[in-house]
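Please read the structure below before turning to the comments.
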Amino acid sequence: SETILVNNDEDVNILSTKVILTPKNADALKINSDILALIPGGDTVYQSIDSVCTHEDEAAINYTPEFLNSLNLSGMPPHNLNLKRGAIVMLL
């Protein structure tokens, strides 16, 4: 088994050639959580905006913050995005 912690530039070069593919967002979130737990230090939580921008009051009532926060859409980060210093992040 390979170590996944990055200690130097050589480790970054090795990890940049690796990929983990998963068909479901829930699986990817679990893997990310497990890897973050291996990295020392505290994490920072970034939250998405949880409101609807609309001119119709009724539409805003239909989309509550709880509903918006529960969505797990492909290509979008989760409502609570946990990051740690030293973690590898892929920006699209």
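In the structure tokens, chains take letters A, B, ... by order of appearance, with residues numbered from 1 within each chain and ligands from 1 in the order shown.
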
> Which residues come within 8 Å of segment 75-82 of chain A, counting only C-alpha atoms, excluding same-chain residues fewer than 3 positions away, as number ranges by chain?
Replying inline: A: 43-48, 69-72

>> DSSP on the backbone, strand (DSSP E) only: what residues of chain A does that give? Format it as a PyMOL selection string.
In response: chain A and resi 43-47+80-84

>> Rounded to one decimal, what separation in Å do you get between atom CA of Lys24 of chain A and atom CA of Asn62 of chain A?
In response: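 Those two atoms sit 26.8 Å apart.
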
>> as an MDAnalysis selection string, please: every residue in chain A that a backbone DSSP assignment puts in alpha helix (DSSP H).
In response: chainID A and resid 9:15 25:38 57:62 65:70

>> Using only C-alpha atoms, can you tell me which of A:Asp27, A:Asp34, A:Asp50, A:Asp11 comes closest to Tyr63 of chain A?
In response: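 When distances to Tyr63 of chain A are compared using only C-alpha atoms, the smallest one comes from A:Asp50.
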